[in-house]
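Peer 1: So I've got this file, structure-v4.txt, and it contains compact mmCIF, C-alpha atoms:
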```txt
# COMPACT_ATOMS: atom_id res chain seq x y z
CA MET B 6 42.64 159.42 243.63
CA CYS B 7 45.51 157.34 245.00
CA LEU B 8 47.68 160.43 245.27
CA ALA B 9 50.03 161.41 248.06
CA VAL B 10 50.72 165.10 248.56
CA PRO B 11 53.46 166.16 250.97
CA GLY B 12 52.18 168.65 253.54
CA ARG B 13 53.58 170.40 256.59
CA ILE B 14 51.63 170.11 259.86
CA ILE B 15 51.44 173.60 261.35
CA GLU B 16 49.05 173.03 264.18
CA LEU B 17 47.65 170.00 266.01
CA THR B 18 43.96 170.20 266.85
CA ARG B 19 41.06 167.95 267.79
CA GLU B 20 37.81 167.66 265.89
CA ALA B 21 34.94 165.28 266.66
CA ASP B 22 37.23 163.82 269.35
CA LEU B 23 39.74 162.78 266.69
CA ARG B 24 43.34 163.89 266.07
CA PHE B 25 43.25 166.63 263.44
CA GLY B 26 45.76 169.22 262.24
CA LYS B 27 46.11 172.26 260.09
CA VAL B 28 48.28 171.13 257.19
CA GLU B 29 49.89 173.33 254.57
CA PHE B 30 50.22 172.02 251.01
CA GLY B 31 52.42 174.40 249.01
CA GLY B 32 50.68 177.45 250.51
CA VAL B 33 47.15 176.00 250.72
CA ARG B 34 46.03 175.18 254.24
CA ARG B 35 43.34 172.74 255.21
CA SER B 36 42.16 170.78 258.16
CA VAL B 37 43.20 167.13 257.89
CA CYS B 38 42.41 164.07 259.99
CA LEU B 39 45.68 162.73 261.45
CA GLU B 40 44.25 159.67 263.24
CA HIS B 41 46.25 157.27 261.08
CA VAL B 42 49.48 159.21 260.97
CA LEU B 43 52.48 157.31 262.32
CA ASP B 44 53.12 157.27 266.05
CA GLU B 45 55.95 159.38 267.42
CA ALA B 46 58.75 156.77 267.21
CA GLU B 47 57.92 156.01 263.59
CA ALA B 48 57.57 159.70 262.83
CA LEU B 49 61.01 160.39 264.28
CA ARG B 50 62.55 157.66 262.11
CA GLU B 51 60.83 159.22 259.12
CA LEU B 52 62.07 162.69 260.08
CA ALA B 53 65.64 161.37 260.40
CA PHE B 54 65.32 159.96 256.89
CA LEU B 55 63.97 163.25 255.55
CA ALA B 56 66.77 165.12 257.33
CA SER B 57 69.31 162.89 255.58
CA LEU B 58 67.69 163.88 252.28
CA GLY B 59 68.03 167.54 253.33
CA GLU B 60 71.76 167.05 253.95
CA LEU B 61 72.12 165.56 250.49
CA GLU B 62 70.32 168.55 249.08
CA ASP B 63 72.48 171.05 250.98
CA ALA B 64 75.74 169.25 250.11
CA VAL N 23 58.48 171.48 246.76
CA ARG N 24 60.82 169.78 249.20
CA PHE N 25 60.61 165.97 249.34
CA LEU N 26 59.35 165.97 245.76
CA ASP N 27 62.17 167.72 243.91
CA GLU N 28 64.70 165.10 245.05
CA TYR N 29 62.68 162.49 243.18
CA ARG N 30 62.44 164.59 240.02
CA ASP N 31 66.16 165.25 239.78
CA ALA N 32 67.37 164.94 236.17
CA ALA N 33 70.95 163.90 236.99
CA HIS N 34 69.73 161.13 239.28
CA ALA N 35 67.24 160.00 236.63
CA ARG N 36 69.93 159.91 233.92
CA GLY N 37 72.15 157.80 236.18
CA LEU N 38 69.30 155.30 236.64
CA VAL N 39 68.60 155.21 232.88
CA ARG N 40 72.26 154.31 232.26
CA ALA N 41 72.15 151.63 234.97
CA ILE N 42 68.99 150.13 233.41
CA ALA N 43 70.68 150.03 229.98
CA ARG N 44 73.72 148.27 231.47
CA ALA N 45 71.54 145.73 233.32
CA THR N 46 69.36 144.82 230.31
CA THR N 47 70.60 142.00 228.06
CA ARG N 48 67.26 140.61 226.77
CA PRO N 49 63.71 141.82 226.02
CA TRP N 50 61.49 142.12 229.10
CA THR N 51 57.90 143.27 229.64
CA ILE N 52 57.04 145.05 232.88
CA MET N 53 53.61 146.27 234.00
CA GLU N 54 53.14 149.28 236.26
CA VAL N 55 49.96 148.64 238.23
CA CYS N 56 48.83 152.19 239.07
CA GLY N 57 47.33 154.85 236.83
CA GLY N 58 49.36 157.46 238.73
CA GLN N 59 52.53 155.61 237.74
CA THR N 60 51.37 155.48 234.11
CA HIS N 61 50.89 159.24 234.17
CA THR N 62 54.40 159.91 235.46
CA ILE N 63 55.87 157.53 232.85
CA VAL N 64 54.05 159.21 229.97
CA GLN N 65 54.37 162.79 231.29
CA TYR N 66 58.16 162.52 231.67
CA GLY N 67 58.59 160.21 228.66
CA LEU N 68 60.35 157.63 230.84
CA ASP N 69 59.37 154.78 228.49
CA ARG N 70 61.25 156.56 225.69
CA LEU N 71 64.43 156.74 227.78
CA LEU N 72 64.53 152.98 228.34
CA PRO N 73 66.47 150.55 226.12
CA PRO N 74 64.30 149.23 223.23
CA GLU N 75 64.30 145.73 224.78
CA LEU N 76 62.13 146.96 227.65
CA GLU N 77 58.38 147.38 227.23
CA LEU N 78 56.13 148.93 229.85
CA LEU N 79 52.49 147.77 229.95
CA HIS N 80 49.93 149.94 231.70
CA GLY N 81 47.94 148.20 234.42
CA PRO N 82 44.43 148.22 235.90
CA GLY N 83 45.13 150.58 238.82
CA CYS N 84 42.85 153.44 237.82
CA PRO N 85 40.03 153.61 240.37
CA VAL N 86 37.68 155.69 238.24
CA CYS N 87 38.30 153.49 235.18
CA VAL N 88 37.42 150.19 236.86
CA THR N 89 34.24 151.45 238.56
CA PRO N 90 31.45 149.66 236.66
CA LEU N 91 29.07 151.66 234.49
CA GLU N 92 26.27 150.13 236.55
CA MET N 93 27.64 151.78 239.70
CA VAL N 94 27.86 155.13 237.88
CA ASP N 95 24.20 154.75 236.86
CA ARG N 96 23.26 153.86 240.45
CA ALA N 97 25.04 157.01 241.63
CA HIS N 98 23.01 158.99 239.10
CA ALA N 99 19.75 157.38 240.28
CA ILE N 100 20.51 158.39 243.88
CA ALA N 101 21.76 161.87 242.94
CA ALA N 102 18.56 162.53 240.99
CA ARG N 103 16.43 162.35 244.16
CA PRO N 104 15.40 165.79 245.47
CA ASP N 105 16.12 164.86 249.10
CA VAL N 106 19.74 163.83 248.33
CA MET N 107 22.98 165.78 248.41
CA PHE N 108 25.44 163.65 246.46
CA CYS N 109 29.14 164.07 247.32
CA SER N 110 32.12 162.75 245.38
CA PHE N 111 35.71 163.41 244.44
CA GLY N 112 35.74 165.56 241.32
CA ASP N 113 37.03 163.04 238.78
CA MET N 114 34.02 160.76 239.26
CA LEU N 115 31.62 163.52 238.17
CA ARG N 116 32.84 163.50 234.57
CA VAL N 117 32.46 159.76 234.01
CA PRO N 118 29.70 159.25 231.44
CA GLY N 119 26.87 157.04 232.65
CA THR N 120 24.19 155.60 230.40
CA ARG N 121 22.40 158.98 230.55
CA GLY N 122 24.98 161.78 230.86
CA ASP N 123 27.40 162.50 233.68
CA LEU N 124 26.95 163.85 237.20
CA LEU N 125 28.21 167.29 236.16
CA ARG N 126 25.23 167.54 233.82
CA HIS N 127 22.92 166.54 236.68
CA LYS N 128 24.53 169.36 238.66
CA ALA N 129 24.03 171.83 235.82
CA GLN N 130 20.36 170.84 235.75
CA GLY N 131 20.01 171.73 239.41
CA GLY N 132 20.98 168.49 241.16
CA ASP N 133 22.62 168.96 244.57
CA ILE N 134 26.01 167.49 243.76
CA ARG N 135 29.10 168.53 245.69
CA VAL N 136 32.79 167.98 245.08
CA VAL N 137 34.61 167.28 248.34
CA TYR N 138 38.29 166.74 249.06
CA SER N 139 37.67 164.30 251.88
CA PRO N 140 34.74 162.03 252.81
CA LEU N 141 34.92 163.67 256.24
CA ASP N 142 33.81 166.91 254.57
CA ALA N 143 30.66 165.05 253.48
CA VAL N 144 30.05 163.88 257.07
CA LYS N 145 30.36 167.51 258.17
CA LEU N 146 27.80 168.55 255.53
CA ALA N 147 25.42 165.85 256.79
CA ALA N 148 25.79 167.06 260.38
CA THR N 149 25.10 170.70 259.43
CA ILE N 150 22.25 170.03 256.97
CA PRO N 151 20.07 167.38 258.64
CA GLY N 152 17.27 167.92 256.11
CA LYS N 153 19.34 166.34 253.30
CA ARG N 154 20.37 162.73 252.86
CA VAL N 155 24.09 163.05 252.19
CA VAL N 156 25.61 160.22 250.12
CA PHE N 157 29.35 159.91 249.46
CA PHE N 158 30.55 157.87 246.46
CA ALA N 159 33.17 155.61 248.06
CA ILE N 160 35.22 154.21 245.20
CA GLY N 161 38.86 153.30 244.77
CA PHE N 162 41.48 150.81 245.83
CA GLU N 163 42.80 150.12 249.34
CA THR N 164 44.29 153.64 249.32
CA THR N 165 40.97 155.45 249.70
CA ALA N 166 39.38 152.83 251.97
CA PRO N 167 40.72 154.14 255.33
CA ALA N 168 39.32 157.67 254.82
CA ASN N 169 35.97 156.25 253.70
CA ALA N 170 35.97 153.85 256.65
CA MET N 171 36.71 156.75 259.01
CA ALA N 172 33.81 158.79 257.60
CA VAL N 173 31.18 156.08 258.05
CA TRP N 174 32.63 155.01 261.40
CA LEU N 175 32.31 158.61 262.61
CA ALA N 176 28.76 158.95 261.25
CA ARG N 177 27.72 155.79 263.11
CA ARG N 178 29.46 156.80 266.35
CA ASP N 179 27.90 160.28 266.31
CA ARG N 180 24.51 159.02 265.05
CA ILE N 181 24.58 161.16 261.93
CA ALA N 182 21.72 159.17 260.42
CA ASN N 183 21.52 161.16 257.17
CA PHE N 184 25.03 160.13 256.02
CA SER N 185 25.64 157.08 253.86
CA LEU N 186 28.26 155.60 251.53
CA LEU N 187 27.69 154.21 248.05
CA VAL N 188 30.53 151.70 248.08
CA SER N 189 32.38 150.36 245.04
CA HIS N 190 35.77 149.53 246.53
CA VAL N 191 38.23 147.23 244.78
CA LEU N 192 41.40 145.42 245.86
CA ALA N 193 44.70 145.35 243.97
CA PRO N 194 45.99 141.76 244.53
CA PRO N 195 43.00 140.00 242.85
CA ALA N 196 43.41 142.24 239.77
CA ILE N 197 47.12 141.37 239.52
CA THR N 198 46.29 137.68 239.94
CA SER N 199 43.62 137.82 237.22
CA ILE N 200 46.13 139.34 234.77
CA LEU N 201 48.61 136.54 235.56
CA GLN N 202 45.91 133.90 235.06
CA ALA N 203 44.81 135.24 231.66
CA PRO N 204 45.98 132.90 228.87
CA GLY N 205 48.74 134.47 226.79
CA HIS N 206 49.45 137.33 229.18
CA ARG N 207 52.82 139.03 228.60
CA VAL N 208 53.67 140.47 232.01
CA GLN N 209 57.04 139.30 233.34
CA ALA N 210 57.36 141.68 236.31
CA PHE N 211 55.21 144.23 238.15
CA LEU N 212 55.87 147.67 239.55
CA GLY N 213 53.58 147.28 242.56
CA PRO N 214 51.02 149.83 243.80
CA GLY N 215 52.95 152.08 246.22
CA HIS N 216 50.08 153.83 247.95
CA VAL N 217 47.92 150.70 248.22
CA CYS N 218 50.88 149.07 249.99
CA ALA N 219 51.32 152.12 252.26
CA VAL N 220 47.94 151.13 253.73
CA MET N 221 47.94 147.33 253.43
CA GLY N 222 51.65 146.45 253.50
CA THR N 223 53.47 144.16 251.11
CA GLN N 224 52.76 140.68 252.49
CA ASP N 225 49.81 139.92 250.21
CA TYR N 226 52.14 140.15 247.20
CA GLU N 227 54.58 137.50 248.39
CA PRO N 228 52.40 134.47 247.56
CA ILE N 229 51.68 136.00 244.12
CA ALA N 230 55.39 136.50 243.38
CA ARG N 231 56.15 132.92 244.47
CA ARG N 232 53.22 131.20 242.76
CA TYR N 233 53.58 132.94 239.40
CA ARG N 234 57.38 133.33 239.61
CA VAL N 235 57.08 137.04 238.90
CA PRO N 236 59.15 139.83 240.51
CA ILE N 237 57.02 142.54 242.18
CA VAL N 238 58.77 145.81 243.03
CA VAL N 239 56.53 148.06 245.15
CA THR N 240 57.20 151.44 243.57
CA GLY N 241 56.51 155.14 244.13
CA PHE N 242 55.13 157.75 241.77
CA GLU N 243 57.91 160.21 240.96
CA PRO N 244 60.21 159.76 237.92
CA VAL N 245 63.20 158.64 240.03
CA ASP N 246 60.97 156.17 241.90
CA LEU N 247 59.74 154.61 238.65
CA LEU N 248 63.19 154.34 237.08
CA GLU N 249 64.53 152.74 240.26
CA GLY N 250 61.54 150.34 240.23
CA VAL N 251 62.32 149.38 236.61
CA LEU N 252 66.01 148.88 237.45
CA ARG N 253 65.18 146.59 240.36
CA ALA N 254 62.67 144.63 238.25
CA VAL N 255 65.20 144.22 235.40
CA ARG N 256 67.90 143.05 237.81
CA GLN N 257 65.52 140.38 239.16
CA LEU N 258 64.46 139.31 235.66
CA GLU N 259 68.06 139.04 234.49
CA ALA N 260 69.01 137.07 237.62
CA GLY N 261 65.93 134.81 237.38
CA THR N 262 64.64 135.73 240.87
CA HIS N 263 61.05 136.56 241.80
CA THR N 264 60.72 138.28 245.15
CA VAL N 265 58.77 141.24 246.49
CA GLU N 266 61.00 144.31 246.81
CA ASN N 267 60.13 147.67 248.30
CA GLN N 268 61.48 150.63 246.30
CA TYR N 269 59.13 153.03 248.13
CA ALA N 270 60.49 152.51 251.65
CA ARG N 271 60.06 156.17 252.56
CA VAL N 272 56.29 155.61 252.49
CA VAL N 273 55.64 151.84 252.56
CA GLN N 274 56.27 149.57 255.52
CA LYS N 275 56.04 145.80 255.25
CA ALA N 276 53.04 145.61 257.60
CA GLY N 277 51.33 148.69 256.15
CA ASN N 278 49.53 151.17 258.39
CA ALA N 279 48.19 149.25 261.40
CA ALA N 280 45.57 151.84 262.42
CA SER N 281 44.19 152.06 258.87
CA ARG N 282 44.05 148.30 258.42
CA LYS N 283 42.23 147.88 261.73
CA LEU N 284 39.56 150.44 260.86
CA VAL N 285 39.10 149.16 257.30
CA ASP N 286 38.60 145.66 258.69
CA GLU N 287 36.13 146.91 261.29
CA VAL N 288 33.97 148.72 258.72
CA PHE N 289 34.34 146.70 255.50
CA GLU N 290 34.25 143.03 254.50
CA VAL N 291 35.60 141.38 251.36
CA CYS N 292 33.10 140.70 248.57
CA ASP N 293 33.00 139.80 244.87
CA ARG N 294 33.17 142.88 242.64
CA SER N 295 32.54 143.60 239.02
CA TRP N 296 35.39 145.55 237.37
CA ARG N 297 34.76 147.71 234.37
CA GLY N 298 36.54 146.20 231.39
CA ILE N 299 37.63 143.12 233.32
CA GLY N 300 34.44 141.48 234.63
CA THR N 301 33.54 140.00 238.00
CA LEU N 302 36.44 138.82 240.12
CA PRO N 303 35.83 136.75 243.25
CA ALA N 304 36.81 138.35 246.59
CA SER N 305 38.11 141.42 244.77
CA GLY N 306 36.36 144.25 246.59
CA LEU N 307 35.02 145.65 249.83
CA ARG N 308 31.47 146.31 251.03
CA LEU N 309 30.13 147.67 254.31
CA ARG N 310 29.66 145.16 257.12
CA PRO N 311 26.05 144.50 258.24
CA ALA N 312 26.60 146.69 261.34
CA TYR N 313 26.81 149.66 258.94
CA ARG N 314 23.59 148.81 257.08
CA ASP N 315 21.92 152.07 258.14
CA HIS N 316 24.73 153.97 256.40
CA ASP N 317 24.83 151.79 253.27
CA ALA N 318 23.29 153.63 250.30
CA GLU N 319 22.78 150.36 248.40
CA HIS N 320 20.50 149.26 251.23
CA LEU N 321 18.83 152.65 251.83
CA PHE N 322 17.99 153.48 248.22
CA GLU N 323 16.44 150.76 246.11
CA ILE N 324 18.95 150.71 243.27
CA ALA N 325 19.66 147.00 242.76
CA ALA N 326 17.44 147.07 239.68
CA VAL N 327 19.65 149.67 237.98
CA THR N 328 21.83 147.76 235.51
CA ALA N 329 23.81 148.95 232.50
CA VAL N 330 25.31 147.63 229.27
CA GLU N 331 28.80 148.75 228.25
CA PRO N 332 29.24 150.56 224.92
CA ARG N 333 31.05 148.38 222.36
CA ALA N 334 33.29 150.89 220.59
CA CYS N 335 35.68 151.33 223.49
CA ILE N 336 38.66 149.01 224.11
CA SER N 337 39.34 150.31 227.62
CA GLY N 338 38.95 146.79 229.04
CA ARG N 339 41.84 145.53 226.93
CA ILE N 340 43.85 148.60 227.91
CA LEU N 341 43.20 148.01 231.63
CA ARG N 342 44.44 144.42 231.24
CA GLY N 343 47.61 145.58 229.46
CA GLU N 344 46.60 143.81 226.23
CA ASN N 345 46.44 147.02 224.19
CA LYS N 346 47.96 150.50 224.23
CA PRO N 347 45.72 153.58 223.80
CA THR N 348 47.21 154.14 220.35
CA ASP N 349 45.87 150.75 219.19
CA CYS N 350 42.35 152.21 219.29
CA ALA N 351 40.89 153.74 216.11
CA ALA N 352 38.79 156.15 218.18
CA PHE N 353 41.78 157.47 220.19
CA GLY N 354 42.16 161.22 219.76
CA VAL N 355 39.48 161.27 217.04
CA ALA N 356 36.04 160.23 218.34
CA CYS N 357 37.42 159.85 221.86
CA THR N 358 39.13 162.75 223.69
CA PRO N 359 39.09 163.91 227.33
CA GLU N 360 36.31 166.38 226.35
CA THR N 361 34.19 163.69 224.67
CA PRO N 362 35.34 160.41 226.24
CA LEU N 363 33.96 157.08 225.02
CA GLY N 364 35.32 155.19 227.98
CA ALA N 365 36.73 155.48 231.45
CA THR N 366 40.43 155.28 230.55
CA MET N 367 40.00 158.59 228.68
CA VAL N 368 37.90 160.23 231.42
CA SER N 369 39.98 159.74 234.48
CA SER N 370 43.10 161.75 235.23
CA GLU N 371 44.62 158.36 236.09
CA GLY N 372 43.58 156.62 232.87
CA ALA N 373 46.18 155.50 230.32
CA CYS N 374 44.30 157.03 227.35
CA SER N 375 44.08 160.44 229.01
CA ALA N 376 47.81 160.29 229.83
CA TYR N 377 48.69 159.55 226.18
CA TYR N 378 46.35 162.28 224.93
CA LEU N 379 47.47 164.92 227.47
CA TYR N 380 51.19 164.43 227.08
CA ARG N 381 51.60 163.10 223.54
CA GLY N 382 48.60 164.47 221.71
CA ARG N 383 46.54 162.90 218.99
CA ASP N 384 49.58 161.45 217.24
CA ALA N 385 50.85 159.64 220.34
```
Let's see the structure in the file written out as structure tokens.
Peer 2:
Amino acid sequence: MCLAVPGRIIELTREADLRFGKVEFGGVRRSVCLEHVLDEAEALRELAFLASLGELEDA
Amino acid sequence: VRFLDEYRDAAHARGLVRAIARATTRPWTIMEVCGGQTHTIVQYGLDRLLPPELELLHGPGCPVCVTPLEMVDRAHAIAARPDVMFCSFGDMLRVPGTRGDLLRHKAQGGDIRVVYSPLDAVKLAATIPGKRVVFFAIGFETTAPANAMAVWLARRDRIANFSLLVSHVLAPPAITSILQAPGHRVQAFLGPGHVCAVMGTQDYEPIARRYRVPIVVTGFEPVDLLEGVLRAVRQLEAGTHTVENQYARVVQKAGNAASRKLVDEVFEVCDRSWRGIGTLPASGLRLRPAYRDHDAEHLFEIAAVTAVEPRACISGRILRGENKPTDCAAFGVACTPETPLGATMVSSEGACSAYYLYRGRDA
């Protein structure tokens, strides 16, 4: 129940006047509420961190 | 999968195992709080890679396991009504109540739906106005924001046929109750990573100080858990007791501000009864009075439904870290995931099911 599954946001949408998105989880796509997802500045910090992981992986 | 594989890397894990062995000079006992962490530990055999001086105790953080039998029976009473469509995450359906589980109700024609999000249940309520749609809102702080969002949305959009049956619990009071139990053996905690992703880490600081116990907020992959153990051992060996954050890629000190705000708007703190542990003061969440019209406990008269726990099962002692699954005579014999006697064998996050799934009957 307290799981976290990494997903890739492929499309930003709105549903019921809330921020939603189509998110892909290892090939399975579903509509997910994104209202509580980090704001842009935080998201960029997170992306920078993930990019640094990617460099480690590619090295 | 990217962003998972890095934390399942064998070379990295072996390096951490060596570092833990170097850091350990004395016996220490560490409890991982979450059932998800227990599963990773048992699945990957991490406990068997650690030096013999280190013992891992499995904690109370299994949401299905700690949901009282009484609440399961109340869910059954509501689900049995012909005008109700009862929605839940799948793992709750297999939990045996006093009279069978919800899957059996479903097989007998009950309108019981498995959903992946409480918002799916709100959608069902909006499309099928003739049914009273009830979602079983259980779990720790991790599931509270999505449940809060669902009921907030139902109230805003006047979806009158949607309600929540709430049995939410909070992690810090459970940790405190373990530390207050006479003769407890826990010297350090691996803290609940996803609970802290929502609520932040501040609530753990007074606990670490008061009980002089290191708390390392930890993730759920093998590398996360080994790093959490290493950090806990280093604190124990150095005699410090602070809150550390191993899971910084997900957890921020202040948690998720938007989630906390909504949870606070929708829920208020209340006393809760925990299966296997008993009633703990201020240890759960219930809907605020403004959400009364969406509160299944208010809408359906179920307060009279009470239940008595079966005696054979030691899941309460397992949830408190006082026993391991293998200490139970019924483990793997009378009690298996197919015929569970208690919640720690039912839930995919329960310690007994982890031992049975990954180590078999002779765990």
Peer 1: By how many Å are atom CA of Arg271 of chain N and atom CA of Asp246 of chain N apart?
Peer 2: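 Computing it gives 10.7 Å between the two atoms.
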Peer 1: Which residues of chain N are close to chain B, meaning at most 8 Å apart when you count all atoms listed in the file, and how do they look as a list in words?
Peer 2: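 Taken together, these residues fit the definition: Val23, Phe25, Leu26, Glu28, Gly58, Pro85, Gly161, Phe162, Thr164, Thr165, His216, Val217, Arg271, Asn278, Ala280, Ser281 and Glu371 of chain N.
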Peer 1: Would you compute the distance between atom CA of Ala43 of chain N and atom CA of Leu72 of chain N? Give it in Å to one decimal.
Peer 2: 7.0 Å
Peer 1: Which distance in Å separates atom CA of Glu323 of chain N and atom CA of Arg126 of chain N, to one decimal?
Peer 2: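 According to the coordinates, atom CA of Glu323 of chain N and atom CA of Arg126 of chain N are separated by 22.6 Å.
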Peer 1: Determine, counting all atoms listed in the file, which protein, DNA and RNA residues have an atom within 6 Å of an atom of segment 343-353 of chain N; residues of the same chain fewer than 6 positions away are not included. Present the result as a list in words.
Peer 2: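 Answer for this query is Leu79, His80, Gly81 and Cys374 of chain N.
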Peer 1: May I have the selected residues written with C-alpha atoms, as a compact mmCIF listing (two decimals), in the frame of the given file?
Peer 2:
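part24.txt was written with the following content:
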```txt
# COMPACT_ATOMS: atom_id res chain seq x y z
CA LEU N 79 52.49 147.77 229.95
CA HIS N 80 49.93 149.94 231.70
CA GLY N 81 47.94 148.20 234.42
CA CYS N 374 44.30 157.03 227.35
```
Peer 1: Using all atoms listed in the file, which of N:Ala159, N:Val330, N:Cys335, N:Ala147 sits nearest Ser110 of chain N?
Peer 2: N:Ala159
Peer 1: Ranking N:Val86, N:Ala329, N:Ala32, N:Ile336 by minimum distance to Ala365 of chain N and counting only C-alpha atoms, which one comes first?
Peer 2: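 That would be N:Val86, the residue with the smallest distance to Ala365 of chain N.
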Peer 1: Nearest to Asp31 of chain N: which of N:Met93, N:Val208, N:Leu115, N:Val245 is it, counting all atoms listed in the file?
Peer 2: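 Comparing N:Met93, N:Val208, N:Leu115, N:Val245 against Asp31 of chain N, the winner is N:Val245.
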Peer 1: Within 9 Å of Glu16 of chain B, counting only C-alpha atoms, which residues qualify if same-chain residues fewer than 3 places away don't, as a short mmCIF file (atom, residue, chain, number, x, y, z; two decimals) with C-alpha atoms, in the frame of the given file?
Peer 2:
```cif
data_model
loop_
_atom_site.label_atom_id
_atom_site.label_comp_id
_atom_site.auth_asym_id
_atom_site.auth_seq_id
_atom_site.Cartn_x
_atom_site.Cartn_y
_atom_site.Cartn_z
CA PHE B 25 43.25 166.63 263.44
CA GLY B 26 45.76 169.22 262.24
CA LYS B 27 46.11 172.26 260.09
CA VAL B 28 48.28 171.13 257.19
#
```
Peer 1: List the spatial neighbours of segment 135-143 of chain N as a PyMOL selection string - criterion: any atom at most 6 Å away, only C-alpha atoms, same-chain residues fewer than 6 positions off excluded.
Peer 2: chain N and resi 109-112+169+172
Peer 1: Pick out the closest residue to Arg154 of chain N from this set: N:Leu186, N:Leu252, N:Ile340, N:Ala193. Count all atoms listed in the file.
Peer 2: N:Leu186
